[in-house]
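Trainee: If it helps, the file is called work.txt and holds compact mmCIF, C-alpha atoms:
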# COMPACT_ATOMS: atom_id res chain seq x y z
CA MET A 293 -6.87 3.18 -1.99
CA LEU A 294 -7.90 6.54 -0.51
CA PHE A 295 -4.27 7.24 0.43
CA LEU A 296 -3.17 6.38 -3.12
CA PHE A 297 -5.86 8.66 -4.57
CA LEU A 298 -4.74 11.60 -2.42
CA PHE A 299 -1.06 10.96 -3.14
CA LEU A 300 -1.60 10.81 -6.88
CA LEU A 301 -3.75 13.94 -6.72
CA CYS A 302 -1.02 15.86 -4.93
CA SER A 303 1.87 14.42 -6.94
CA LEU A 304 0.65 15.01 -10.48
CA PRO A 305 2.28 18.06 -12.02
CA HIS A 306 0.44 21.30 -11.66
CA ILE A 307 0.95 24.31 -13.86
CA ALA A 308 3.66 26.37 -12.31
CA PHE A 309 3.18 30.10 -11.92
CA SER A 310 5.77 32.75 -11.36
CA SER A 311 5.40 34.19 -7.89
CA HIS A 312 5.02 37.76 -9.14
CA CYS A 313 4.97 39.37 -12.55
CA THR A 314 6.85 42.63 -12.97
CA VAL A 315 6.33 45.79 -15.00
CA GLU A 316 9.98 46.84 -14.76
CA THR A 317 12.98 45.78 -16.81
CA ALA A 318 16.48 47.19 -16.97
CA THR A 319 15.53 49.51 -19.82
CA LYS A 320 11.81 50.17 -19.56
CA THR A 321 8.79 50.35 -17.26
CA PHE A 322 5.45 49.08 -18.51
CA GLN A 323 1.88 49.74 -17.38
CA LYS A 324 0.52 46.22 -16.85
CA CYS A 325 1.85 42.71 -16.29
CA MET A 326 0.43 39.18 -16.13
CA ASN A 327 1.63 35.70 -15.21
CA LEU A 328 1.12 33.20 -18.02
CA PRO A 329 -0.35 29.79 -17.12
CA THR A 330 2.56 27.59 -18.23
CA GLN A 331 6.35 27.39 -18.22
CA GLN A 332 6.68 30.01 -15.43
CA ALA A 333 6.42 32.68 -18.12
CA SER A 334 5.00 36.19 -17.80
CA ILE A 335 4.49 39.34 -19.84
CA ALA A 336 4.37 43.07 -19.29
CA TRP A 337 2.93 45.61 -21.69
CA THR A 338 1.88 49.15 -22.40
CA PHE A 339 -0.93 49.87 -24.83
CA HIS A 340 -1.37 53.29 -26.47
CA PRO A 341 -5.04 53.56 -27.53
CA HIS A 342 -4.58 56.76 -29.54
CA ASN A 343 -2.46 54.99 -32.17
CA SER A 344 -3.21 51.30 -31.31
CA THR A 345 0.45 50.61 -30.52
CA LEU A 346 1.39 47.75 -28.20
CA GLU A 347 4.74 47.54 -26.43
CA LEU A 348 5.20 44.07 -24.91
CA VAL A 349 7.98 42.14 -23.21
CA PHE A 350 7.90 38.38 -22.71
CA PHE A 351 9.76 36.79 -19.80
CA GLY A 352 10.71 33.18 -20.54
CA SER A 353 13.41 30.62 -19.77
CA PHE A 354 15.55 28.17 -21.72
CA ILE A 355 15.39 24.41 -21.14
CA SER A 356 18.78 23.60 -22.71
CA PRO A 357 21.99 25.47 -23.66
CA SER A 358 21.22 24.92 -27.35
CA GLY A 359 17.50 25.60 -27.09
CA TRP A 360 15.15 28.39 -28.10
CA VAL A 361 12.46 30.57 -26.53
CA GLY A 362 9.74 32.41 -28.42
CA TRP A 363 6.40 34.13 -28.30
CA GLY A 364 4.01 35.40 -30.92
CA ILE A 365 0.53 36.59 -31.79
CA ASN A 366 -2.03 34.63 -33.78
CA PRO A 367 -4.21 37.19 -35.61
CA THR A 368 -7.20 34.85 -36.01
CA SER A 369 -7.47 32.09 -33.38
CA PRO A 370 -5.92 30.80 -30.11
CA GLU A 371 -3.66 28.11 -31.60
CA MET A 372 -0.10 27.60 -32.75
CA THR A 373 -0.85 27.31 -36.48
CA GLY A 374 -0.91 30.77 -37.98
CA THR A 375 1.12 32.43 -35.21
CA ARG A 376 3.51 35.24 -36.09
CA ALA A 377 6.41 34.60 -33.73
CA LEU A 378 9.66 36.07 -32.47
CA ILE A 379 12.12 33.32 -31.48
CA ALA A 380 15.41 33.82 -29.65
CA PHE A 381 18.32 31.38 -29.50
CA PRO A 382 22.15 31.35 -29.36
CA ASP A 383 23.74 32.02 -32.73
CA PRO A 384 25.36 28.72 -33.85
CA ASN A 385 28.46 30.62 -35.00
CA SER A 386 29.03 33.38 -32.43
CA GLY A 387 27.02 32.14 -29.45
CA GLN A 388 25.33 35.52 -29.11
CA ILE A 389 21.55 35.72 -28.74
CA VAL A 390 19.75 36.28 -32.02
CA LEU A 391 16.06 37.11 -32.45
CA LEU A 392 14.37 36.17 -35.73
CA PRO A 393 10.78 36.33 -37.03
CA TYR A 394 8.89 33.19 -38.05
CA ILE A 395 5.44 32.36 -39.40
CA LEU A 396 4.09 29.06 -38.07
CA ASP A 397 2.12 27.64 -40.98
CA PRO A 398 0.50 24.15 -41.06
CA THR A 399 3.62 22.53 -42.56
CA VAL A 400 5.51 23.35 -39.38
CA LYS A 401 2.96 21.58 -37.16
CA LEU A 402 3.09 18.49 -39.39
CA GLN A 403 6.93 18.70 -39.45
CA LYS A 404 6.94 18.44 -43.23
CA SER A 405 9.65 21.08 -43.57
CA PRO A 406 12.09 22.96 -41.30
CA LEU A 407 10.99 26.24 -39.77
CA LEU A 408 12.67 29.05 -41.73
CA SER A 409 12.81 32.70 -40.76
CA ARG A 410 10.82 35.13 -42.91
CA PRO A 411 9.38 38.64 -42.50
CA LEU A 412 6.11 38.90 -40.59
CA ASP A 413 2.97 40.13 -42.27
CA ILE A 414 1.88 42.09 -39.20
CA HIS A 415 2.87 45.66 -38.43
CA LEU A 416 5.95 44.94 -36.27
CA LEU A 417 7.73 48.20 -35.45
CA SER A 418 10.70 46.87 -33.48
CA SER A 419 11.96 43.80 -31.63
CA THR A 420 14.92 42.85 -29.46
CA ALA A 421 15.99 40.23 -26.92
CA ALA A 422 18.16 40.38 -23.82
CA MET A 423 19.36 37.78 -21.34
CA TYR A 424 18.65 38.39 -17.68
CA GLY A 425 22.03 39.41 -16.30
CA GLY A 426 23.20 41.38 -19.31
CA LYS A 427 25.88 40.56 -21.85
CA LEU A 428 27.83 38.36 -19.45
CA ALA A 429 24.89 35.98 -19.03
CA THR A 430 25.18 32.56 -20.66
CA VAL A 431 22.49 30.29 -22.05
CA HIS A 432 21.84 27.27 -19.84
CA ASN A 433 18.94 25.22 -18.57
CA GLY A 434 16.80 27.69 -16.62
CA ALA A 435 18.44 30.85 -17.99
CA THR A 436 15.85 33.63 -18.32
CA ILE A 437 15.39 35.89 -21.31
CA GLN A 438 13.36 38.96 -22.13
CA ILE A 439 11.96 39.31 -25.64
CA TYR A 440 10.63 42.76 -26.56
CA GLY A 441 8.27 43.59 -29.38
CA THR A 442 6.47 46.76 -30.44
CA MET A 443 3.64 46.43 -32.93
CA LYS A 444 0.66 48.29 -34.25
CA LEU A 445 -2.67 46.54 -33.74
CA GLN A 446 -5.78 46.92 -35.85
CA THR A 447 -7.94 49.87 -34.90
CA ASN A 448 -10.50 49.08 -32.18
CA LYS A 449 -9.05 45.58 -31.72
CA THR A 450 -7.61 45.16 -28.23
CA LYS A 451 -8.00 41.41 -27.70
CA ILE A 452 -5.04 39.29 -28.83
CA HIS A 453 -4.17 35.57 -28.91
CA LEU A 454 -0.73 35.14 -27.35
CA VAL A 455 1.27 31.95 -28.04
CA TRP A 456 4.61 31.06 -26.44
CA ASN A 457 6.91 28.06 -26.12
CA ARG A 458 10.46 26.78 -25.86
CA GLY A 459 12.47 23.94 -27.36
CA LEU A 460 15.60 21.88 -26.83
CA TYR A 461 17.51 22.35 -30.08
CA VAL A 462 18.12 24.65 -33.04
CA GLN A 463 19.39 23.18 -36.31
CA GLY A 464 21.26 26.00 -37.99
CA TYR A 465 18.73 28.82 -37.71
CA SER A 466 15.69 26.51 -37.66
CA PRO A 467 14.14 25.85 -34.23
CA THR A 468 13.09 22.22 -33.81
CA ILE A 469 9.80 21.01 -32.38
CA HIS A 470 9.07 21.85 -28.75
CA PRO A 471 8.17 19.18 -26.12
CA THR A 472 4.62 17.88 -26.41
CA THR A 473 3.54 17.61 -22.78
CA SER A 474 0.11 18.95 -21.84
CA THR A 475 1.58 22.16 -20.43
CA ASP A 476 3.69 22.81 -23.52
CA LEU A 477 0.70 22.26 -25.79
CA SER A 478 -1.40 24.59 -23.64
CA SER A 479 0.87 27.62 -23.92
CA ILE A 480 -1.84 29.87 -25.30
CA ALA A 481 -3.68 32.80 -23.72
CA THR A 482 -6.27 35.28 -24.96
CA PHE A 483 -6.39 38.62 -23.18
CA ASP A 484 -7.42 42.23 -23.64
CA VAL A 485 -4.45 44.61 -23.76
CA LEU A 486 -6.65 47.55 -22.75
CA SER A 487 -8.30 46.08 -19.65
CA GLY A 488 -5.78 43.34 -18.86
CA SER A 489 -8.52 40.71 -18.48
CA SER A 490 -7.83 37.22 -19.76
CA ALA A 491 -9.72 34.00 -20.29
CA PRO A 492 -8.77 31.65 -17.39
CA GLN A 493 -9.43 28.49 -19.37
CA HIS A 494 -5.97 26.92 -19.03
CA THR A 495 -5.79 27.48 -15.29
CA ASP A 496 -9.14 25.75 -14.90
CA LEU A 497 -8.05 22.82 -17.05
CA THR A 498 -5.14 21.99 -14.76
CA MET A 499 -7.27 20.52 -11.99
CA LEU A 500 -9.43 18.70 -14.56
CA ARG A 501 -6.29 17.05 -15.98
CA VAL A 502 -5.14 16.00 -12.51
CA ILE A 503 -8.55 14.54 -11.62
CA HIS A 504 -8.78 12.82 -15.02
CA GLY A 505 -5.37 11.21 -14.60
CA THR A 506 -5.95 10.20 -10.98
CA LEU A 507 -9.35 8.60 -11.57
CA ASN A 508 -8.18 6.67 -14.62
CA ALA A 509 -4.96 5.47 -12.97
CA ILE A 510 -6.91 4.10 -10.01
CA SER A 511 -9.85 2.66 -11.98
CA TRP A 512 -8.43 1.19 -15.20
CA GLY A 513 -4.90 0.80 -13.83
CA LEU A 514 -5.58 -0.71 -10.38
CA LEU A 515 -9.21 -1.56 -9.55
CA LEU A 516 -9.92 -3.59 -12.70
CA PRO A 517 -6.75 -5.69 -12.27
CA ILE A 518 -7.70 -6.25 -8.60
CA GLY A 519 -11.13 -7.45 -9.75
CA ALA A 520 -9.53 -9.85 -12.22
CA ILE A 521 -7.18 -11.20 -9.52
CA THR A 522 -10.16 -11.74 -7.22
CA ALA A 523 -11.95 -13.87 -9.81
CA ARG A 524 -8.90 -15.87 -10.86
CA TYR A 525 -7.52 -16.85 -7.46
CA LEU A 526 -10.38 -16.72 -4.96
CA ARG A 527 -13.02 -18.67 -6.82
CA HIS A 528 -11.32 -21.98 -6.02
CA ILE A 529 -11.42 -21.40 -2.25
CA GLN A 530 -14.47 -23.39 -1.23
CA ALA A 531 -14.70 -21.74 2.19
CA LEU A 532 -15.57 -18.42 0.54
CA GLY A 533 -18.58 -19.79 -1.29
CA PRO A 534 -20.13 -17.18 -3.65
CA ALA A 535 -18.40 -14.31 -1.82
CA TRP A 536 -15.63 -14.23 -4.41
CA PHE A 537 -18.17 -13.49 -7.15
CA TYR A 538 -19.73 -10.59 -5.27
CA ALA A 539 -16.29 -9.19 -4.50
CA HIS A 540 -15.24 -9.55 -8.14
CA ALA A 541 -18.42 -7.95 -9.51
CA GLY A 542 -18.38 -5.16 -6.90
CA VAL A 543 -14.74 -4.17 -7.51
CA GLN A 544 -15.18 -4.27 -11.30
CA LEU A 545 -18.39 -2.24 -11.20
CA PHE A 546 -16.86 0.38 -8.89
CA GLY A 547 -13.77 0.60 -11.10
CA PHE A 548 -15.91 0.99 -14.22
CA VAL A 549 -17.94 3.79 -12.63
CA LEU A 550 -14.76 5.68 -11.65
CA GLY A 551 -13.29 5.03 -15.10
CA THR A 552 -16.45 6.33 -16.77
CA VAL A 553 -16.18 9.58 -14.82
CA GLY A 554 -12.51 9.87 -15.79
CA PHE A 555 -13.34 9.09 -19.42
CA GLY A 556 -16.05 11.77 -19.44
CA ILE A 557 -13.60 14.33 -18.03
CA GLY A 558 -11.15 13.37 -20.77
CA ILE A 559 -13.78 13.99 -23.44
CA ARG A 560 -14.52 17.38 -21.90
CA LEU A 561 -10.82 18.23 -21.79
CA GLY A 562 -10.61 17.53 -25.52
CA GLN A 563 -13.51 19.92 -26.15
CA LEU A 564 -11.89 22.64 -24.02
CA SER A 565 -8.47 22.28 -25.67
CA PRO A 566 -8.79 23.18 -29.38
CA GLY A 567 -5.68 22.30 -31.33
CA VAL A 568 -4.34 19.99 -28.59
CA GLU A 569 -4.46 16.34 -29.66
CA TYR A 570 -3.13 13.18 -28.08
CA ARG A 571 -4.18 10.68 -30.72
CA LEU A 572 -2.70 7.50 -29.25
CA HIS A 573 -3.89 8.31 -25.72
CA ARG A 574 -7.34 9.17 -27.04
CA LYS A 575 -7.69 6.00 -29.12
CA LEU A 576 -6.49 3.80 -26.27
CA GLY A 577 -8.89 5.51 -23.88
CA ILE A 578 -11.86 4.91 -26.17
CA ALA A 579 -10.84 1.27 -26.66
CA VAL A 580 -10.49 0.68 -22.91
CA PHE A 581 -13.83 2.31 -22.15
CA CYS A 582 -15.64 0.28 -24.82
CA LEU A 583 -14.09 -2.97 -23.54
CA GLY A 584 -15.03 -2.04 -19.99
CA ALA A 585 -18.61 -1.31 -21.07
CA LEU A 586 -18.85 -4.65 -22.89
CA GLN A 587 -17.47 -6.44 -19.84
CA THR A 588 -20.04 -4.77 -17.58
CA LEU A 589 -22.92 -5.55 -19.93
CA ALA A 590 -21.79 -9.19 -20.01
CA LEU A 591 -23.15 -9.57 -16.48
CA LEU A 592 -26.66 -9.07 -17.83
CA PHE A 593 -26.29 -11.97 -20.27
CA ARG A 594 -24.43 -14.43 -18.04
CA PRO A 595 -25.79 -17.95 -18.72
CA ASN A 596 -26.19 -20.42 -15.88
CA THR A 597 -23.64 -23.18 -15.40
CA ARG A 598 -25.74 -25.81 -17.25
CA ASN A 599 -26.34 -23.67 -20.34
CA LYS A 600 -24.55 -24.95 -23.45
CA PHE A 601 -23.41 -21.38 -24.29
CA ARG A 602 -21.70 -20.96 -20.93
CA LYS A 603 -18.24 -21.96 -22.26
CA TYR A 604 -18.49 -19.41 -25.09
CA TRP A 605 -19.52 -16.69 -22.66
CA LYS A 606 -16.55 -17.52 -20.41
CA SER A 607 -14.13 -17.32 -23.34
CA TYR A 608 -15.59 -13.96 -24.35
CA HIS A 609 -15.52 -12.73 -20.74
CA HIS A 610 -11.87 -13.69 -20.24
CA PHE A 611 -10.69 -12.26 -23.58
CA VAL A 612 -12.46 -8.91 -23.19
CA GLY A 613 -11.50 -8.62 -19.52
CA TYR A 614 -7.79 -9.29 -19.95
CA SER A 615 -7.66 -7.06 -23.06
CA CYS A 616 -9.21 -4.23 -21.06
CA VAL A 617 -6.68 -4.67 -18.24
CA VAL A 618 -3.65 -4.73 -20.58
CA LEU A 619 -4.77 -1.70 -22.60
CA GLY A 620 -5.59 0.06 -19.34
CA PHE A 621 -2.00 -0.41 -18.14
CA VAL A 622 -0.61 0.89 -21.43
CA ASN A 623 -2.85 3.95 -21.45
CA VAL A 624 -2.08 4.88 -17.85
CA PHE A 625 1.62 5.05 -18.70
CA GLN A 626 0.77 6.93 -21.89
CA GLY A 627 -1.16 9.39 -19.74
CA PHE A 628 1.88 10.01 -17.54
CA GLU A 629 3.87 10.84 -20.69
CA VAL A 630 1.14 13.20 -21.92
CA MET A 631 1.06 15.06 -18.59
CA GLY A 632 4.83 15.38 -18.49
CA ALA A 633 4.93 13.21 -15.35
CA SER A 634 7.18 10.45 -16.64
CA ARG A 635 9.63 11.07 -13.76
CA SER A 636 7.18 12.21 -11.10
CA TYR A 637 6.32 10.84 -7.68
CA ALA A 638 2.85 10.13 -9.05
CA LYS A 639 4.25 7.65 -11.55
CA LEU A 640 6.53 6.17 -8.89
CA THR A 641 3.54 5.67 -6.59
CA TYR A 642 1.54 4.00 -9.34
CA CYS A 643 4.48 1.76 -10.26
CA LEU A 644 4.82 0.70 -6.61
CA GLY A 645 1.12 -0.18 -6.47
CA LEU A 646 1.34 -2.03 -9.77
CA SER A 647 4.47 -3.89 -8.67
CA THR A 648 2.65 -5.00 -5.52
CA LEU A 649 -0.19 -6.40 -7.63
CA ILE A 650 2.24 -8.19 -9.94
CA GLY A 651 4.09 -9.69 -6.96
CA LEU A 652 0.79 -10.82 -5.47
CA CYS A 653 -0.21 -12.41 -8.77
CA ILE A 654 3.08 -14.29 -9.01
CA ALA A 655 2.73 -15.60 -5.46
CA LEU A 656 -0.89 -16.67 -6.00
CA GLU A 657 -0.08 -18.24 -9.37
CA VAL A 658 2.76 -20.27 -7.89
CA ASN A 659 0.51 -21.37 -5.04
CA SER A 660 -2.21 -22.36 -7.52
CA TRP A 661 0.20 -24.48 -9.51
CA VAL A 662 1.55 -26.14 -6.35
CA VAL A 663 -1.97 -27.02 -5.26
CA PHE A 664 -2.86 -28.20 -8.76
CA CYS A 665 0.24 -30.39 -9.06
CA ARG A 666 -0.34 -31.83 -5.59
CA LYS A 667 -3.94 -32.72 -6.39
CA SER A 668 -2.93 -34.20 -9.74
CA LYS A 669 -0.31 -36.36 -8.05
CA GLU A 670 -2.79 -37.52 -5.40
CA ASP A 671 -5.38 -38.35 -8.06
CA LYS A 672 -2.80 -40.34 -10.03
CA MET A 673 -1.71 -42.25 -6.94
CA ARG A 674 -5.34 -42.91 -6.05
CA ARG A 675 -6.04 -44.32 -9.53
CA GLU A 676 -2.97 -46.55 -9.29
CA GLY A 677 -4.00 -47.81 -5.87
CA PHE A 678 -1.24 -46.20 -3.82
CA ILE A 679 -3.83 -44.12 -1.94
CA ALA A 680 -6.93 -45.66 -0.47
CA THR A 681 -9.82 -43.53 0.71
CA SER A 682 -11.58 -44.62 3.90
CA HIS A 683 -15.30 -45.36 3.83
CA LYS A 684 -15.96 -42.19 5.76
CA GLY A 685 -14.12 -40.24 3.11
CA THR A 686 -12.23 -38.26 5.71
CA SER A 687 -8.82 -39.93 5.67
CA SER A 688 -6.51 -41.89 3.41
CA ALA A 689 -3.70 -44.37 3.86
CA ILE A 690 -0.67 -45.10 1.76
CA HIS A 691 -0.09 -48.82 1.13
CA ASN A 692 3.48 -50.06 1.27
What's the structure tokens form of this structure?

Mentor:
Amino acid sequence: MLFLFLFLLCSLPHIAFSSHCTVETATKTFQKCMNLPTQQASIAWTFHPHNSTLELVFFGSFISPSGWVGWGINPTSPEMTGTRALIAFPDPNSGQIVLLPYILDPTVKLQKSPLLSRPLDIHLLSSTAAMYGGKLATVHNGATIQIYGTMKLQTNKTKIHLVWNRGLYVQGYSPTIHPTTSTDLSSIATFDVLSGSSAPQHTDLTMLRVIHGTLNAISWGLLLPIGAITARYLRHIQALGPAWFYAHAGVQLFGFVLGTVGFGIGIRLGQLSPGVEYRLHRKLGIAVFCLGALQTLALLFRPNTRNKFRKYWKSYHHFVGYSCVVLGFVNVFQGFEVMGASRSYAKLTYCLGLSTLIGLCIALEVNSWVVFCRKSKEDKMRREGFIATSHKGTSSAIHN
């Protein structure tokens, strides 16, 4: 389990940073530069305090030959809605790179209407885009692009909210929605163009996401199923006595504690990520945690074996327990999708662990049915007189 924890921790996707940002381009040299926390993007800029003019270049990369890359500034808050953006993509007619202005209003986020180009209501002085490699460069997956913009900021306002992203397709001249992994939804940074200082919130959230995913995959996705297997298949082994119960309760309690920590980290991540919502993942997580809490509290109200309510408690215990396990499986895989790890070694490792548990369950279930059928056959033969039990009760004989 420790090995699995470390492997998942190392395998989950981390935010990738460019090795070095640069202040130089083929046409201009800037004063400052900064790596952005997602998509291996970076920026370089020069700020002129005497007239509040900002010259900025964004370094980004395409993720498909028909995709788009863009950046923008949100005048009011660090979120996508309200951003004034410059988006570059290949012209559907000529194939040449075009750069158009867009305003990302709430209808775009809700996908109620296509994103249409319109003039920006900020003081944009000039803008242009160039592929790395010059005019001979072609757009492909991984192709880099530089998007320049010169704008006049409000007097005495040097802190800006920068938003950037990239998408797979452009319909006509309307960029389609970008991927919705955690890194794509976290492509926001607030920094001061005068001092160059930025809020490191997204960098800090990366490790929290990894820990959150690892703890929940191990607790809800592995430990709780192991606890359920322990109760289902070991309780009938008389040689173990009550040991199966202590093993079952211990594994379930440990898994619930780990899951509670992971759940708490998830709640904190939601508070630290304004505008980033994973509704299905969130709802499933709350449901799993509530079922796990009910299952843990059930230990406090467990009737003894002679109590008339014992059968109702067992039905409740089985229903809540198995529901928690199934929803836990679903939400772990949903979490991999959210983190953009649907094809990662972390998911492969988890699937191998889960497959081992499923194989073990199948083997134990088959064995249980074989034992059950054998005992049923012996009981039937005993009732019909084909098997006679000795007086000592230690041996039997089959009458011809």

Trainee: Record the distance separating atom CA of Val543 of chain A and atom CA of Thr648 of chain A, expressed in Å with one decimal.

Mentor: 17.5 Å

Trainee: When you count all atoms listed in the file, which of these residues is closest to Glu371 of chain A: A:Ala590, A:Val349, A:Ile480, A:Val612?

Mentor: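 Between A:Ala590, A:Val349, A:Ile480, A:Val612, the residue approaching Glu371 of chain A most closely is A:Ile480.
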
Trainee: Would you list the residues near (13.0, 34.9, -25.5), meaning any protein, DNA or RNA residue with an atom at most 10 Å from that point in file coordinates, counting all atoms listed in the file, as number ranges by chain?

Mentor: A: 349-354, 360-363, 378-381, 389-391, 420-423, 436-440, 456-458

Trainee: What is the distance between atom CA of Leu408 of chain A and atom CA of His432 of chain A, in Å to one decimal?

Mentor: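 Taking atom CA of Leu408 of chain A as the start and atom CA of His432 of chain A as the end point, the length is 23.8 Å.
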
Trainee: Take atom CA of Ala520 of chain A and atom CA of Gly613 of chain A and report the distance between them in Å, one decimal.

Mentor: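 Separation between atom CA of Ala520 of chain A and atom CA of Gly613 of chain A: 7.7 Å.
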
Trainee: Can you work out which one of A:Pro406, A:Pro329, A:Gly577, A:Gly651 has the shortest atom-to-atom distance to Ile469 of chain A, counting all atoms listed in the file?

Mentor: A:Pro406

Trainee: Using all atoms listed in the file, which protein or nucleic acid residues come within 9 Å of Arg410 of chain A? Drop anything in the same chain fewer than 5 positions from it, and give the result as a ChimeraX atom specification.

Mentor: /A:392-395

Trainee: Contacts of segment 567-576 of chain A at 10 Å or less, counting all atoms listed in the file, minus same-chain residues fewer than 4 places along, as a PyMOL selection string?

Mentor: chain A and resi 370-373+472-474+476-478+555+558-559+561-563+580-582+616+619-620+622-627+629-630

Trainee: Restricting the calculation to all atoms listed in the file: of A:Ala481, A:Val431, A:Ala579, A:Ile365, which residue gets closest to Gln388 of chain A?

Mentor: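 Of A:Ala481, A:Val431, A:Ala579, A:Ile365, the one nearest Gln388 of chain A is A:Val431, counting all atoms listed in the file.
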
Trainee: Which residue out of A:Val663, A:Met631, A:Leu417, A:Ile578 has the minimum interatomic distance to Leu500 of chain A when only C-alpha atoms are used?

Mentor: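 Answer, going by the shortest atom-to-atom distance: A:Met631.
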
Trainee: Would you mind telling me which residue in A:Ser634, A:Thr447, A:Thr498, A:Gln463 lies nearest to His340 of chain A when using all atoms listed in the file?

Mentor: A:Thr447

Trainee: Counting all atoms listed in the file, which of A:Leu532, A:Val502, A:Leu656, A:Ile452 gets nearest to Leu486 of chain A?

Mentor: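 Checking each of A:Leu532, A:Val502, A:Leu656, A:Ile452 against Leu486 of chain A, counting all atoms listed in the file, the winner is A:Ile452.
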